[in-house]
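Report on the following structure.
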Amino acid sequence: MSILIDDELCTGCGSCVNNCPYSAIELVNNKAKILPSCNLCGACVEPCPVEAITLKRGAQKAAKVDFSQFKGVWVITEHYKNIIHNVAFQLLGKGRELSDILGVDLTFVILGANFDNELDEISKYGMDKIIYVKSPILKHYYSDLYVKVLSELIIENKPEIILIGATPTGRDFAPRIAKKLNAGLTADCTGLAINPETMNLLQTRPTFGGNIMATIRNPNSRPQMATVRPGIFKEPQKVEKKVSVKKIDYAFEEKDSVSKIIKVINTSKTHVNLEDAKIIVAGGRGVGSKEKFKLIEELADVLGAELGGSRITVELNWLDPDRQIGQTGVTVSPKLYIACGISGAVQHIVGMENSDVIVAINKDPDAPIFHIAHYGIVGDLHEILPILIEEIKTINLNKE
Ligand SMILES: Cc1cc2nc3c(=O)[nH]c(=O)nc-3n(C[C@H](O)[C@H](O)[C@H](O)COP(=O)(O)OP(=O)(O)OC[C@H]3O[C@@H](n4cnc5c(N)ncnc54)[C@H](O)[C@@H]3O)c2cc1C
């Protein structure tokens, strides 16, 4: 898609300027001029009284891109209250692996206001470079500012791979950037690898309701962009190494953002943090009822674990929605995951298979959960769990 202004017809009346929601048109020598921030929304076409503006839709012939210009792996951060989301560090672990295979630098990109004192600690996560774009307005997430700054940085530096957390924030800005740069983007990846022959990024993600895993490659455009859900990859071990930091003091203009944050309101009612939990006890339909879920809660309690469950238990109102684990819930990777009365549907498995140790309790010896469990107990959870709880209580007592 492209937008064209016929200079011969344009009278410089300014109606397009007034109607552009992105302030992406200005008058130069009394003629309308489209600025790089144009996102081709077409809002200027209709108001032009002399029909000087045309939006050309339809398939564009892809321009031949010289891939050799694109080098490096980038991980883009997001943060809330000046705390970087864990997914960014997890992506650095995977990013290191990919950049080592490609023999290129791994760069961590931060858009923020107050990270100067954090940079030493951040630089222990194994990247080679940090690009820190600094501005007071970047204290909060602004969709259009992220798109503007990151698109500019990407055009200037030409990274070949860009990794972003598949959080609500990442899911907001990643596709906007991909659209702007005509780049390929694969959302919600659960696996990333490099094809040893083509050196293209292989991006694996569940599809068709999680029933199959598709591996997507992006051979015709650069950069190759992927979002990855929190909990899929492990954070790397911290290392002491020299990291080059490029700080950019960015001066935004008012027209750069169509929105203004007046107040940040946290609407989350609970403080469930399954993504960081070390132990999770999860219940499925096999638990039987909301009342019987108390047994699962009791096991979680004696273990100091977080409580989770399958989607059915949320649908049956046995469990709060923010405790659902799986494809449409949270992805977790605790040290210990105890699945009680969970069959092991693929949509559940994709959310917990990266746990260090998986224990499954199920009365069906053929339940698919046993294919991925490290330890399995075949039997009725209502008989097994009280024994387990008593044993753990005794161990806890002996420890005191
Ligand atoms: C698009 C899509 C997205 C989805 N997203 C998710 C998701 O994010 N998370 C998710 O979990 N699911 C998700 N699902 C649903 C998923 O397909 C399964 O239906 C669900 O995970 C099954 O939950 P379950 O294992 O608790 O129940 P069931 O499959 O009914 O399994 C119950 C298990 O309990 C065992 N059992 C019964 N009684 C006992 C007992 N007394 N003691 C021991 N074991 C017992 C049974 O043998 C059985 O294996 C999704 C589905 C779709 C189509």
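Within each chain, counting starts at residue 1; across the structure tokens, chains are named A, B, ... in the order shown, with ligands numbered 1 upward in that order.
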
(message) Can you tell me, as a count of residues only, which residues in segment 4-153 of chain A count as strand (DSSP E) by DSSP?
(response) 35

(request) Could you tell me, counting only C-alpha atoms and all ligand atoms, which protein and nucleic acid residues lie no more than 7 Å from ligand 1, written as a ChimeraX atom specification? (result) /A:209-210,283-288,309-313,324-329,340-348,351,361-364,367,379-382

(request) Run DSSP on the backbone and grab whatever in segment 74-302 of chain A lands in helix (DSSP H, G or I); send it over as a PyMOL selection string. (result) chain A and resi 86-102+116-125+136-139+143-157+168-181+254-256+274-276+285-287+293-302

Closest contacts (segment 126-160 of chain A/segment 66-87 of chain A, max 10 Å, only C-alpha atoms) as JSON lines:
```
{"residue": "A:Met127", "atom": "CA", "partner": "A:Val75", "partner_atom": "CA", "distance": 9.2}
{"residue": "A:Lys129", "atom": "CA", "partner": "A:Trp74", "partner_atom": "CA", "distance": 9.4}
{"residue": "A:Ile130", "atom": "CA", "partner": "A:Trp74", "partner_atom": "CA", "distance": 9.4}
{"residue": "A:Ile131", "atom": "CA", "partner": "A:Ile76", "partner_atom": "CA", "distance": 9.6}
{"residue": "A:Leu138", "atom": "CA", "partner": "A:His79", "partner_atom": "CA", "distance": 10.0}
{"residue": "A:Lys139", "atom": "CA", "partner": "A:Asn82", "partner_atom": "CA", "distance": 7.3}
{"residue": "A:His140", "atom": "CA", "partner": "A:Tyr80", "partner_atom": "CA", "distance": 7.2}
{"residue": "A:Tyr141", "atom": "CA", "partner": "A:Glu78", "partner_atom": "CA", "distance": 7.9}
{"residue": "A:Leu150", "atom": "CA", "partner": "A:Ile76", "partner_atom": "CA", "distance": 8.9}
{"residue": "A:Ile154", "atom": "CA", "partner": "A:Trp74", "partner_atom": "CA", "distance": 9.5}
{"residue": "A:Ile155", "atom": "CA", "partner": "A:Phe70", "partner_atom": "CA", "distance": 9.9}
{"residue": "A:Asn157", "atom": "CA", "partner": "A:Phe70", "partner_atom": "CA", "distance": 7.9}
{"residue": "A:Lys158", "atom": "CA", "partner": "A:Phe70", "partner_atom": "CA", "distance": 4.8}
{"residue": "A:Pro159", "atom": "CA", "partner": "A:Gly72", "partner_atom": "CA", "distance": 4.8}
{"residue": "A:Glu160", "atom": "CA", "partner": "A:Phe70", "partner_atom": "CA", "distance": 4.8}
```

(request) List the neighbours of Leu303 of chain A out to 12 Å using only C-alpha atoms; skip same-chain residues closer than 6 positions along the sequence, and give me the result as a VMD selection string. (result) chain A and resid 277 to 281 296 to 297 336 to 338 388 to 396

(request) Just the residues within 12 Å of Val149 of chain A, please, counting only C-alpha atoms, with nothing from its chain fewer than 2 positions along; format it as a PyMOL selection string. (result) chain A and resi 36-37+76+109-112+131-135+138+142-147+151-156+173+177+248-252+256-257

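Closest to Ile25 of chain A among A:Val239, A:Val45, A:Cys13, A:Cys38 is A:Cys38, based on only C-alpha atoms.
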
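Counting only C-alpha atoms and comparing A:Lys246, A:Lys33, A:Lys335, A:Lys294, the residue that lies closest to Thr107 of chain A is A:Lys246.
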
(request) Go through A:Phe208, A:Tyr22, A:Phe233, A:Phe89 and flag the residue nearest Glu121 of chain A, using only C-alpha atoms for the distances. (result) A:Phe89
